[in-house]
>>> print(open('coords35.pdb').read())   # PDB, C-alpha atoms
MODEL        1
ATOM      1  CA  MET A1161     -47.804 -17.250 -21.832
ATOM      2  CA  THR A1162     -49.792 -17.947 -24.976
ATOM      3  CA  CYS A1163     -49.853 -21.170 -26.981
ATOM      4  CA  TRP A1164     -49.787 -20.515 -30.727
ATOM      5  CA  GLY A1165     -48.989 -24.047 -31.920
ATOM      6  CA  THR A1166     -49.399 -27.333 -30.024
ATOM      7  CA  ARG A1167     -49.290 -30.032 -32.706
ATOM      8  CA  GLY A1168     -46.277 -32.259 -33.310
ATOM      9  CA  THR A1169     -44.519 -33.675 -36.371
ATOM     10  CA  CYS A1170     -46.512 -31.843 -39.064
ATOM     11  CA  PRO A1171     -49.437 -29.430 -39.304
ATOM     12  CA  SER A1172     -52.763 -31.254 -39.119
ATOM     13  CA  PRO A1173     -55.726 -28.903 -39.448
ATOM     14  CA  SER A1174     -59.038 -30.742 -39.734
ATOM     15  CA  ALA A1175     -62.517 -30.909 -38.291
ATOM     16  CA  ASN A1176     -61.120 -33.327 -35.690
ATOM     17  CA  THR A1177     -58.384 -30.982 -34.394
ATOM     18  CA  VAL A1178     -60.290 -27.706 -34.064
ATOM     19  CA  ARG A1179     -60.188 -27.344 -30.267
ATOM     20  CA  TYR A1180     -56.510 -28.144 -29.685
ATOM     21  CA  GLY A1181     -55.324 -26.882 -33.050
ATOM     22  CA  GLY A1182     -53.355 -28.146 -36.018
ATOM     23  CA  ASN A1183     -50.391 -25.746 -36.041
ATOM     24  CA  THR A1184     -46.967 -26.925 -34.903
ATOM     25  CA  SER A1185     -45.006 -25.782 -31.891
ATOM     26  CA  CYS A1186     -44.832 -22.167 -30.752
ATOM     27  CA  VAL A1187     -45.265 -20.562 -27.321
ATOM     28  CA  ASP A1188     -44.997 -16.855 -26.522
ATOM     29  CA  VAL A1189     -43.907 -15.836 -22.999
ATOM     30  CA  GLN A1190     -44.209 -12.232 -21.804
ATOM     31  CA  LEU A1191     -42.860 -10.942 -18.514
ATOM     32  CA  ALA A1192     -44.439  -8.151 -16.483
ATOM     33  CA  ASP A1193     -41.895  -5.636 -17.759
ATOM     34  CA  GLY A1194     -42.751  -6.366 -21.394
ATOM     35  CA  THR A1195     -39.838  -8.696 -22.128
ATOM     36  CA  ARG A1196     -40.946 -11.247 -24.741
ATOM     37  CA  VAL A1197     -39.393 -14.605 -25.542
ATOM     38  CA  VAL A1198     -40.828 -16.872 -28.229
ATOM     39  CA  LEU A1199     -40.197 -20.611 -27.940
ATOM     40  CA  ASP A1200     -40.003 -22.498 -31.259
ATOM     41  CA  ALA A1201     -40.987 -21.407 -34.755
ATOM     42  CA  GLY A1202     -43.487 -24.002 -35.913
ATOM     43  CA  THR A1203     -46.418 -22.919 -38.057
ATOM     44  CA  GLY A1204     -48.081 -21.438 -34.980
ATOM     45  CA  ILE A1205     -45.631 -18.542 -35.127
ATOM     46  CA  ARG A1206     -47.501 -17.123 -38.117
ATOM     47  CA  GLY A1207     -50.474 -16.292 -35.894
ATOM     48  CA  LEU A1208     -48.197 -14.716 -33.310
ATOM     49  CA  GLY A1209     -46.568 -12.534 -35.954
ATOM     50  CA  ALA A1210     -49.944 -11.345 -37.188
ATOM     51  CA  ALA A1211     -50.981 -10.464 -33.627
ATOM     52  CA  LEU A1212     -47.864  -8.459 -32.758
ATOM     53  CA  PRO A1213     -48.479  -4.720 -32.873
ATOM     54  CA  SER A1214     -46.733  -2.887 -35.684
ATOM     55  CA  ALA A1215     -43.991  -0.886 -34.059
ATOM     56  CA  ALA A1216     -42.262   2.061 -35.672
ATOM     57  CA  PRO A1217     -38.526   2.421 -35.096
ATOM     58  CA  SER A1218     -37.467   4.727 -32.314
ATOM     59  CA  VAL A1219     -35.987   8.153 -32.978
ATOM     60  CA  ALA A1220     -32.586   6.481 -33.052
ATOM     61  CA  GLY A1221     -33.814   4.046 -35.687
ATOM     62  CA  ALA A1222     -33.720   0.990 -33.428
ATOM     63  CA  ARG A1223     -36.374  -1.647 -34.003
ATOM     64  CA  PRO A1224     -38.094  -3.447 -31.111
ATOM     65  CA  VAL A1225     -36.540  -6.822 -30.345
ATOM     66  CA  VAL A1226     -38.159 -10.260 -30.360
ATOM     67  CA  THR A1227     -36.087 -13.138 -28.988
ATOM     68  CA  LEU A1228     -36.845 -16.499 -30.611
ATOM     69  CA  LEU A1229     -35.343 -19.580 -28.969
ATOM     70  CA  LEU A1230     -35.599 -23.008 -30.591
ATOM     71  CA  THR A1231     -35.658 -26.332 -28.779
ATOM     72  CA  HIS A1232     -34.088 -27.969 -31.854
ATOM     73  CA  ARG A1233     -33.904 -27.802 -35.635
ATOM     74  CA  HIS A1234     -36.457 -30.375 -36.812
ATOM     75  CA  SER A1235     -38.743 -29.093 -39.548
ATOM     76  CA  ASP A1236     -41.945 -28.873 -37.491
ATOM     77  CA  HIS A1237     -40.173 -26.440 -35.151
ATOM     78  CA  VAL A1238     -38.728 -24.100 -37.792
ATOM     79  CA  MET A1239     -41.140 -24.247 -40.737
ATOM     80  CA  GLY A1240     -42.983 -21.112 -39.607
ATOM     81  CA  LEU A1241     -39.937 -18.836 -39.795
ATOM     82  CA  ALA A1242     -40.621 -17.586 -43.321
ATOM     83  CA  HIS A1243     -44.171 -16.676 -42.316
ATOM     84  CA  PHE A1244     -43.291 -14.740 -39.155
ATOM     85  CA  ALA A1245     -44.332 -11.182 -40.047
ATOM     86  CA  PRO A1246     -41.629  -9.319 -38.054
ATOM     87  CA  ILE A1247     -38.959 -10.976 -40.211
ATOM     88  CA  VAL A1248     -40.618 -10.438 -43.584
ATOM     89  CA  THR A1249     -41.787  -6.871 -42.883
ATOM     90  CA  ARG A1250     -38.601  -6.060 -40.979
ATOM     91  CA  SER A1251     -40.661  -4.350 -38.283
ATOM     92  CA  HIS A1252     -38.627  -5.948 -35.491
ATOM     93  CA  GLN A1253     -35.107  -7.142 -34.899
ATOM     94  CA  VAL A1254     -35.313 -10.896 -34.285
ATOM     95  CA  ARG A1255     -32.682 -12.670 -32.209
ATOM     96  CA  ILE A1256     -32.598 -16.416 -32.892
ATOM     97  CA  ALA A1257     -30.745 -19.109 -30.966
ATOM     98  CA  CYS A1258     -31.123 -22.863 -30.520
ATOM     99  CA  GLY A1259     -30.412 -24.853 -27.396
ATOM    100  CA  GLY A1260     -27.295 -26.988 -27.706
ATOM    101  CA  VAL A1261     -26.391 -25.582 -31.135
ATOM    102  CA  ASP A1262     -23.824 -22.916 -31.894
ATOM    103  CA  ALA A1263     -24.558 -20.017 -34.228
ATOM    104  CA  ASP A1264     -22.518 -21.466 -37.098
ATOM    105  CA  ALA A1265     -24.633 -24.635 -37.094
ATOM    106  CA  LEU A1266     -27.936 -22.761 -36.780
ATOM    107  CA  ARG A1267     -27.346 -20.053 -39.408
ATOM    108  CA  PRO A1268     -27.606 -22.361 -42.486
ATOM    109  CA  ILE A1269     -30.956 -23.718 -41.269
ATOM    110  CA  VAL A1270     -32.329 -20.214 -40.760
ATOM    111  CA  GLU A1271     -31.077 -18.988 -44.131
ATOM    112  CA  GLN A1272     -32.439 -22.075 -45.894
ATOM    113  CA  GLN A1273     -35.944 -21.432 -44.546
ATOM    114  CA  LEU A1274     -35.824 -17.893 -45.962
ATOM    115  CA  SER A1275     -34.431 -18.568 -49.430
ATOM    116  CA  ALA A1276     -34.966 -20.597 -52.598
ATOM    117  CA  PRO A1277     -36.055 -23.262 -53.193
ATOM    118  CA  LEU A1278     -38.096 -23.246 -49.972
ATOM    119  CA  PHE A1279     -39.058 -19.575 -50.096
ATOM    120  CA  PRO A1280     -38.667 -16.682 -52.534
ATOM    121  CA  THR A1281     -35.415 -14.860 -51.856
ATOM    122  CA  LEU A1282     -36.262 -11.390 -50.544
ATOM    123  CA  ASP A1283     -33.573  -8.750 -50.349
ATOM    124  CA  GLY A1284     -32.890  -7.528 -46.855
ATOM    125  CA  VAL A1285     -34.872 -10.159 -44.952
ATOM    126  CA  THR A1286     -31.834 -11.525 -43.166
ATOM    127  CA  ASP A1287     -30.977  -7.968 -42.062
ATOM    128  CA  SER A1288     -33.778  -8.419 -39.517
ATOM    129  CA  LEU A1289     -32.091 -11.467 -38.021
ATOM    130  CA  SER A1290     -29.373 -11.962 -35.471
ATOM    131  CA  VAL A1291     -28.320 -15.604 -35.188
ATOM    132  CA  GLU A1292     -26.784 -16.168 -31.767
ATOM    133  CA  ALA A1293     -25.968 -18.997 -29.356
ATOM    134  CA  PHE A1294     -26.511 -20.056 -25.782
ATOM    135  CA  ASP A1295     -23.393 -19.558 -23.676
ATOM    136  CA  ALA A1296     -21.065 -22.315 -22.485
ATOM    137  CA  THR A1297     -23.268 -22.956 -19.437
ATOM    138  CA  GLY A1298     -26.370 -23.431 -21.591
ATOM    139  CA  CYS A1299     -27.910 -20.065 -20.713
ATOM    140  CA  PHE A1300     -29.241 -17.257 -22.915
ATOM    141  CA  ARG A1301     -29.692 -13.762 -21.527
ATOM    142  CA  VAL A1302     -32.921 -12.394 -23.036
ATOM    143  CA  SER A1303     -32.975  -9.189 -20.993
ATOM    144  CA  ALA A1304     -32.009  -7.825 -17.597
ATOM    145  CA  THR A1305     -35.042  -9.632 -16.162
ATOM    146  CA  CYS A1306     -35.125 -12.855 -18.191
ATOM    147  CA  GLU A1307     -32.761 -15.761 -18.735
ATOM    148  CA  VAL A1308     -33.429 -19.073 -20.498
ATOM    149  CA  GLN A1309     -31.476 -22.234 -19.707
ATOM    150  CA  ALA A1310     -31.166 -25.099 -22.186
ATOM    151  CA  ILE A1311     -31.297 -28.517 -20.504
ATOM    152  CA  PRO A1312     -30.423 -31.572 -22.628
ATOM    153  CA  ALA A1313     -33.479 -33.516 -23.765
ATOM    154  CA  ARG A1314     -33.559 -37.024 -25.226
ATOM    155  CA  HIS A1315     -34.423 -36.714 -28.896
ATOM    156  CA  PRO A1316     -32.759 -37.934 -32.121
ATOM    157  CA  GLY A1317     -30.397 -35.274 -33.433
ATOM    158  CA  GLY A1318     -30.437 -33.434 -30.122
ATOM    159  CA  ALA A1319     -32.951 -31.127 -28.476
ATOM    160  CA  SER A1320     -33.300 -29.025 -25.348
ATOM    161  CA  VAL A1321     -35.780 -28.418 -22.592
ATOM    162  CA  LEU A1322     -36.012 -24.624 -22.275
ATOM    163  CA  LEU A1323     -36.321 -23.293 -18.717
ATOM    164  CA  VAL A1324     -37.432 -19.642 -18.498
ATOM    165  CA  ARG A1325     -36.460 -17.645 -15.414
ATOM    166  CA  ASP A1326     -37.220 -14.103 -14.315
ATOM    167  CA  THR A1327     -35.817 -12.157 -11.369
ATOM    168  CA  THR A1328     -37.920 -14.208  -8.916
ATOM    169  CA  GLY A1329     -36.868 -17.617 -10.219
ATOM    170  CA  PRO A1330     -38.242 -20.271 -12.612
ATOM    171  CA  VAL A1331     -41.369 -19.269 -14.528
ATOM    172  CA  MET A1332     -41.982 -22.172 -16.898
ATOM    173  CA  ALA A1333     -40.282 -25.014 -18.724
ATOM    174  CA  TYR A1334     -40.925 -26.078 -22.299
ATOM    175  CA  ALA A1335     -40.153 -29.613 -23.486
ATOM    176  CA  PRO A1336     -42.090 -30.416 -26.680
ATOM    177  CA  ASP A1337     -39.710 -33.189 -27.814
ATOM    178  CA  ASN A1338     -38.352 -35.289 -24.963
ATOM    179  CA  GLU A1339     -38.316 -39.090 -24.504
ATOM    180  CA  LEU A1340     -38.641 -39.814 -20.777
ATOM    181  CA  SER A1341     -38.537 -43.624 -21.182
ATOM    182  CA  PHE A1342     -39.610 -44.448 -17.640
ATOM    183  CA  ALA A1343     -39.547 -48.113 -18.687
ATOM    184  CA  ASP A1344     -35.759 -47.872 -19.070
ATOM    185  CA  HIS A1345     -33.997 -48.598 -15.779
ATOM    186  CA  ASP A1346     -30.390 -48.593 -16.951
ATOM    187  CA  ALA A1347     -28.029 -46.367 -14.988
ATOM    188  CA  ALA A1348     -27.720 -43.728 -17.706
ATOM    189  CA  SER A1349     -31.494 -43.312 -18.080
ATOM    190  CA  VAL A1350     -32.090 -43.172 -14.329
ATOM    191  CA  SER A1351     -29.320 -40.622 -13.873
ATOM    192  CA  TRP A1352     -30.558 -38.422 -16.732
ATOM    193  CA  ARG A1353     -34.134 -38.403 -15.409
ATOM    194  CA  ALA A1354     -32.937 -37.580 -11.884
ATOM    195  CA  SER A1355     -30.902 -34.668 -13.225
ATOM    196  CA  LEU A1356     -33.890 -33.411 -15.248
ATOM    197  CA  ILE A1357     -36.165 -33.592 -12.212
ATOM    198  CA  ASP A1358     -33.647 -31.615 -10.156
ATOM    199  CA  SER A1359     -33.380 -28.968 -12.879
ATOM    200  CA  LEU A1360     -37.166 -28.554 -13.010
ATOM    201  CA  ARG A1361     -37.785 -28.669  -9.263
ATOM    202  CA  SER A1362     -40.866 -26.637  -8.191
ATOM    203  CA  ILE A1363     -41.474 -25.279 -11.683
ATOM    204  CA  PRO A1364     -44.769 -23.326 -11.837
ATOM    205  CA  VAL A1365     -45.684 -24.487 -15.353
ATOM    206  CA  LEU A1366     -44.339 -27.436 -17.334
ATOM    207  CA  ILE A1367     -45.312 -27.750 -21.006
ATOM    208  CA  HIS A1368     -44.265 -31.263 -21.981
ATOM    209  CA  ASP A1369     -44.310 -33.685 -24.890
ATOM    210  CA  ALA A1370     -47.317 -36.026 -24.834
ATOM    211  CA  THR A1371     -47.123 -37.406 -28.357
ATOM    212  CA  TYR A1372     -47.977 -41.022 -27.589
ATOM    213  CA  ALA A1373     -50.468 -43.096 -25.655
ATOM    214  CA  ASP A1374     -48.880 -45.609 -23.284
ATOM    215  CA  ASP A1375     -49.656 -48.545 -25.571
ATOM    216  CA  GLU A1376     -47.830 -46.814 -28.444
ATOM    217  CA  LEU A1377     -44.518 -46.346 -26.633
ATOM    218  CA  SER A1378     -43.068 -49.786 -27.319
ATOM    219  CA  LEU A1379     -43.440 -49.237 -31.076
ATOM    220  CA  HIS A1380     -41.622 -45.905 -30.931
ATOM    221  CA  ARG A1381     -38.620 -46.452 -28.682
ATOM    222  CA  GLY A1382     -35.860 -44.058 -29.653
ATOM    223  CA  TRP A1383     -38.171 -41.718 -31.569
ATOM    224  CA  GLY A1384     -37.679 -38.980 -28.985
ATOM    225  CA  HIS A1385     -41.174 -38.598 -27.529
ATOM    226  CA  SER A1386     -43.149 -39.381 -24.381
ATOM    227  CA  SER A1387     -46.652 -40.371 -23.375
ATOM    228  CA  ALA A1388     -49.093 -38.158 -21.510
ATOM    229  CA  THR A1389     -48.847 -40.298 -18.377
ATOM    230  CA  GLU A1390     -45.045 -40.141 -18.473
ATOM    231  CA  ALA A1391     -45.280 -36.353 -18.638
ATOM    232  CA  SER A1392     -47.577 -36.476 -15.610
ATOM    233  CA  GLU A1393     -45.114 -38.659 -13.697
ATOM    234  CA  LEU A1394     -42.338 -36.168 -14.427
ATOM    235  CA  ALA A1395     -44.470 -33.180 -13.430
ATOM    236  CA  MET A1396     -45.381 -34.786 -10.112
ATOM    237  CA  ALA A1397     -41.779 -35.796  -9.448
ATOM    238  CA  CYS A1398     -40.485 -32.260  -9.912
ATOM    239  CA  GLY A1399     -43.355 -30.655  -7.984
ATOM    240  CA  ALA A1400     -44.817 -28.653 -10.861
ATOM    241  CA  ASP A1401     -48.007 -26.696 -10.239
ATOM    242  CA  VAL A1402     -49.423 -27.008 -13.768
ATOM    243  CA  LEU A1403     -48.749 -29.472 -16.588
ATOM    244  CA  LEU A1404     -49.785 -28.663 -20.140
ATOM    245  CA  LEU A1405     -49.597 -31.623 -22.496
ATOM    246  CA  THR A1406     -48.323 -30.630 -25.934
ATOM    247  CA  HIS A1407     -46.891 -31.871 -29.247
ATOM    248  CA  HIS A1408     -50.142 -33.721 -29.902
ATOM    249  CA  HIS A1409     -49.769 -36.482 -32.485
ATOM    250  CA  PRO A1410     -51.002 -35.308 -35.914
ATOM    251  CA  ASP A1411     -53.515 -38.161 -35.997
ATOM    252  CA  ARG A1412     -54.830 -37.483 -32.477
ATOM    253  CA  THR A1413     -58.394 -36.155 -32.477
ATOM    254  CA  ASP A1414     -59.720 -33.646 -29.963
ATOM    255  CA  GLN A1415     -61.753 -36.412 -28.326
ATOM    256  CA  GLN A1416     -58.676 -38.611 -27.987
ATOM    257  CA  VAL A1417     -56.727 -35.744 -26.412
ATOM    258  CA  ASP A1418     -59.623 -35.285 -23.974
ATOM    259  CA  ALA A1419     -59.344 -38.954 -23.017
ATOM    260  CA  MET A1420     -55.589 -38.628 -22.420
ATOM    261  CA  VAL A1421     -56.169 -35.635 -20.146
ATOM    262  CA  ALA A1422     -58.799 -37.598 -18.190
ATOM    263  CA  GLN A1423     -56.370 -40.503 -17.804
ATOM    264  CA  CYS A1424     -53.645 -38.184 -16.506
ATOM    265  CA  ARG A1425     -55.993 -36.472 -14.062
ATOM    266  CA  ALA A1426     -57.035 -39.861 -12.687
ATOM    267  CA  LEU A1427     -53.366 -40.803 -12.261
ATOM    268  CA  VAL A1428     -52.642 -37.550 -10.444
ATOM    269  CA  ALA A1429     -55.678 -37.938  -8.172
ATOM    270  CA  ALA A1430     -54.706 -41.516  -7.284
ATOM    271  CA  ALA A1431     -51.247 -40.263  -6.327
ATOM    272  CA  GLY A1432     -52.749 -37.609  -4.052
ATOM    273  CA  SER A1433     -51.008 -34.857  -6.001
ATOM    274  CA  ALA A1434     -52.249 -31.275  -6.398
ATOM    275  CA  LEU A1435     -50.871 -31.088  -9.947
ATOM    276  CA  MET A1436     -53.253 -29.458 -12.441
ATOM    277  CA  VAL A1437     -53.238 -31.162 -15.853
ATOM    278  CA  ALA A1438     -54.615 -29.804 -19.120
ATOM    279  CA  ALA A1439     -53.864 -30.128 -22.816
ATOM    280  CA  ALA A1440     -52.232 -27.160 -24.498
ATOM    281  CA  ALA A1441     -54.521 -25.626 -27.114
ATOM    282  CA  GLU A1442     -54.004 -22.940 -29.715
ATOM    283  CA  GLY A1443     -55.001 -19.597 -28.240
ATOM    284  CA  MET A1444     -54.699 -20.794 -24.643
ATOM    285  CA  VAL A1445     -53.401 -18.041 -22.364
ATOM    286  CA  LEU A1446     -51.986 -18.823 -18.932
ATOM    287  CA  GLU A1447     -50.973 -16.211 -16.364
ATOM    288  CA  VAL A1448     -48.368 -17.072 -13.739
ATOM    289  CA  ASN A1449     -48.349 -14.925 -10.611
TER     290      ASN A1449
ENDMDL
END
>>> encode(input="coords35.pdb", output="structure tokens")
Amino acid sequence: MTCWGTRGTCPSPSANTVRYGGNTSCVDVQLADGTRVVLDAGTGIRGLGAALPSAAPSVAGARPVVTLLLTHRHSDHVMGLAHFAPIVTRSHQVRIACGGVDADALRPIVEQQLSAPLFPTLDGVTDSLSVEAFDATGCFRVSATCEVQAIPARHPGGASVLLVRDTTGPVMAYAPDNELSFADHDAASVSWRASLIDSLRSIPVLIHDATYADDELSLHRGWGHSSATEASELAMACGADVLLLTHHHPDRTDQQVDAMVAQCRALVAAAGSALMVAAAAEGMVLEVN
């Protein structure tokens, strides 16, 4: 899996965000058989599109397929669509779906990103797109070897945690916008967290929202985001092997992200956990065996 965008809320390129990057959410997952699933279409997807090999149609005229699955429809997760080369050049057929949203609700968002006044209207661009939906159980069949499940997240307007599975089981889970609210002990919050932990049990890699520092949480209750230490608590609870902190706040410098990682590693060590914690960075590649 490759991280192409790890910033939250809005792009924030600057001298202070060089190492972790300023592009918004996008992760590319490739299975051993070549199946590719792209998670979110923030501005990071532009770099992915530029890196994809140009593929000529087969003898039958079929274009190679890229499956793009969105966690939700907020602007920082879709603003890269119009700059994703396979759509504009029509070199690939792009399947798009969004967790918890049917095709009729997603299609206007997709078309808006690719038309005036947000983008010049280009004839034939939407011919490259297939707007689809997760099934009634919250699953999306990417290929014979890959399925993605949408698990409800806590985020204003709705969002999903995307759990990627191959033929051997869970591969990774992606939760860039998810408010864990460990300080909330009401029955509904406790039940939701328990269900989430069960769904992510023994996940090899968890990429999770770490927008806030702990002392910022009280000022942002209900905003739909978590702290880095909350993400660590979740990862330990579900027995994850690796936690990548993502959706870095646009004002968070590289040095401040470093400090958050150090804090999380100290928490994990004190708990006697073997969890590996790092911050997701643009260009980071992680192989799961």
>>> residues_around(input="coords35.pdb", residues="region 1367-1378 of chain A", least_positions_apart="4", cutoff="9 Å", atoms="only C-alpha atoms", output="ChimeraX atom specification")
/A:1167-1168,1321,1332-1339,1341,1385-1392,1395,1402-1410,1412,1420,1440
>>> atom_distance(input="coords35.pdb", atom1="CA of Ser1185 (chain A)", atom2="CA of Ala1222 (chain A)")
29.1 Å
>>> resolve_selection(input="coords35.pdb", expression="the PyMOL selection byres ((chain A and resi 1311) around 12)", output="NGL selection string")
:A and (1231-1232 or 1258-1260 or 1294 or 1297-1300 or 1308-1310 or 1312-1314 or 1318-1324 or 1333-1335 or 1338 or 1352-1353 or 1355-1360)
>>> atom_distance(input="coords35.pdb", atom1="CA of Gly1181 (chain A)", atom2="CA of Asp1236 (chain A)")
14.2 Å
>>> closest_residue(input="coords35.pdb", among="A:Val1365, A:Val1248, A:Ala1431, A:Ala1348", to="Pro1280 (chain A)", atoms="all atoms listed in the file")
A:Val1248
>>> resolve_selection(input="coords35.pdb", expression="the PyMOL selection byres ((chain A and resi 1238) around 8)", output="VMD selection string")
chain A and resid 1200 to 1203 1230 1233 to 1237 1239 to 1241 1273
>>> closest_residue(input="coords35.pdb", among="A:Val1198, A:Met1436, A:Ala1265, A:Ala1192", to="Trp1164 (chain A)", atoms="all atoms listed in the file")
A:Val1198
>>> residues_around(input="coords35.pdb", residues="Ala1304 (chain A)", least_positions_apart="3", cutoff="9 Å", atoms="all atoms listed in the file", output="PyMOL selection string")
chain A and resi 1301+1307+1326-1327
>>> residues_around(input="coords35.pdb", residues="Gly1204 (chain A)", least_positions_apart="5", cutoff="6 Å", atoms="all atoms listed in the file", output="list of chain:residue names")
A:Trp1164, A:Gly1165, A:Asn1183, A:Thr1184, A:Cys1186
>>> write_last_selection(input="coords35.pdb", atoms="C-alpha atoms", output="compact mmCIF listing (two decimals), in the frame of the given file")
# COMPACT_ATOMS: atom_id res chain seq x y z
CA TRP A 1164 -49.79 -20.52 -30.73
CA GLY A 1165 -48.99 -24.05 -31.92
CA ASN A 1183 -50.39 -25.75 -36.04
CA THR A 1184 -46.97 -26.92 -34.90
CA CYS A 1186 -44.83 -22.17 -30.75
>>> atom_distance(input="coords35.pdb", atom1="CA of Ala1293 (chain A)", atom2="CA of Cys1170 (chain A)")
26.1 Å
>>> closest_residue(input="coords35.pdb", among="A:Asn1449, A:Thr1162, A:Ser1351, A:Thr1413", to="Thr1177 (chain A)", atoms="all atoms listed in the file")
A:Thr1413
>>> resolve_selection(input="coords35.pdb", expression="the PyMOL selection byres ((chain A and resi 1247) around 10)", output="ChimeraX atom specification")
/A:1209,1226,1241-1246,1248-1254,1274,1284-1289
>>> closest_residue(input="coords35.pdb", among="A:Asp1262, A:Phe1279, A:Pro1171, A:Asp1344", to="Ala1296 (chain A)", atoms="all atoms listed in the file")
A:Asp1262
>>> decode(input="coords35.pdb", residues="region 1174-1225 of chain A", atoms="C-alpha atoms", output="PDB file, in the first residue's frame")
ATOM      1  CA  SER A1174       4.702  24.424   3.167  1.00  0.00           C
ATOM      2  CA  ALA A1175       8.260  24.215   4.394  1.00  0.00           C
ATOM      3  CA  ASN A1176       6.853  22.848   7.668  1.00  0.00           C
ATOM      4  CA  THR A1177       4.963  19.913   6.095  1.00  0.00           C
ATOM      5  CA  VAL A1178       7.562  18.551   3.673  1.00  0.00           C
ATOM      6  CA  ARG A1179       8.212  15.180   5.338  1.00  0.00           C
ATOM      7  CA  TYR A1180       4.610  14.116   5.968  1.00  0.00           C
ATOM      8  CA  GLY A1181       3.152  16.002   3.028  1.00  0.00           C
ATOM      9  CA  GLY A1182       0.464  18.574   2.362  1.00  0.00           C
ATOM     10  CA  ASN A1183      -1.865  16.652   0.033  1.00  0.00           C
ATOM     11  CA  THR A1184      -5.208  15.374   1.298  1.00  0.00           C
ATOM     12  CA  SER A1185      -6.311  11.791   1.714  1.00  0.00           C
ATOM     13  CA  CYS A1186      -5.493   9.044  -0.772  1.00  0.00           C
ATOM     14  CA  VAL A1187      -4.124   5.517  -0.301  1.00  0.00           C
ATOM     15  CA  ASP A1188      -3.437   2.985  -3.051  1.00  0.00           C
ATOM     16  CA  VAL A1189      -3.641  -0.735  -2.180  1.00  0.00           C
ATOM     17  CA  GLN A1190      -2.358  -3.399  -4.583  1.00  0.00           C
ATOM     18  CA  LEU A1191      -2.794  -7.123  -4.088  1.00  0.00           C
ATOM     19  CA  ALA A1192      -0.313  -9.754  -5.242  1.00  0.00           C
ATOM     20  CA  ASP A1193      -2.436 -10.576  -8.284  1.00  0.00           C
ATOM     21  CA  GLY A1194      -2.413  -6.963  -9.480  1.00  0.00           C
ATOM     22  CA  THR A1195      -5.844  -5.988  -8.167  1.00  0.00           C
ATOM     23  CA  ARG A1196      -5.795  -2.281  -7.262  1.00  0.00           C
ATOM     24  CA  VAL A1197      -8.156  -0.395  -4.984  1.00  0.00           C
ATOM     25  CA  VAL A1198      -7.744   3.322  -4.327  1.00  0.00           C
ATOM     26  CA  LEU A1199      -9.110   4.727  -1.067  1.00  0.00           C
ATOM     27  CA  ASP A1200     -10.291   8.358  -1.219  1.00  0.00           C
ATOM     28  CA  ALA A1201      -9.726  11.007  -3.874  1.00  0.00           C
ATOM     29  CA  GLY A1202      -8.093  13.887  -2.040  1.00  0.00           C
ATOM     30  CA  THR A1203      -5.422  15.921  -3.796  1.00  0.00           C
ATOM     31  CA  GLY A1204      -2.961  13.073  -3.286  1.00  0.00           C
ATOM     32  CA  ILE A1205      -4.711  11.150  -6.052  1.00  0.00           C
ATOM     33  CA  ARG A1206      -3.135  13.450  -8.637  1.00  0.00           C
ATOM     34  CA  GLY A1207       0.291  11.973  -7.896  1.00  0.00           C
ATOM     35  CA  LEU A1208      -1.097   8.455  -8.101  1.00  0.00           C
ATOM     36  CA  GLY A1209      -2.654   9.177 -11.486  1.00  0.00           C
ATOM     37  CA  ALA A1210       0.628  10.518 -12.815  1.00  0.00           C
ATOM     38  CA  ALA A1211       2.442   7.392 -11.604  1.00  0.00           C
ATOM     39  CA  LEU A1212       0.038   4.877 -13.148  1.00  0.00           C
ATOM     40  CA  PRO A1213       1.420   3.323 -16.318  1.00  0.00           C
ATOM     41  CA  SER A1214      -0.355   4.324 -19.506  1.00  0.00           C
ATOM     42  CA  ALA A1215      -2.267   1.278 -20.616  1.00  0.00           C
ATOM     43  CA  ALA A1216      -3.572   0.742 -24.122  1.00  0.00           C
ATOM     44  CA  PRO A1217      -6.978  -0.894 -24.483  1.00  0.00           C
ATOM     45  CA  SER A1218      -7.005  -4.611 -25.087  1.00  0.00           C
ATOM     46  CA  VAL A1219      -7.799  -6.104 -28.480  1.00  0.00           C
ATOM     47  CA  ALA A1220     -11.441  -6.126 -27.427  1.00  0.00           C
ATOM     48  CA  GLY A1221     -11.255  -2.425 -26.620  1.00  0.00           C
ATOM     49  CA  ALA A1222     -11.609  -2.856 -22.861  1.00  0.00           C
ATOM     50  CA  ARG A1223      -9.735  -0.401 -20.671  1.00  0.00           C
ATOM     51  CA  PRO A1224      -7.964  -1.491 -17.472  1.00  0.00           C
ATOM     52  CA  VAL A1225     -10.053  -0.904 -14.360  1.00  0.00           C
TER      53      VAL A1225
END
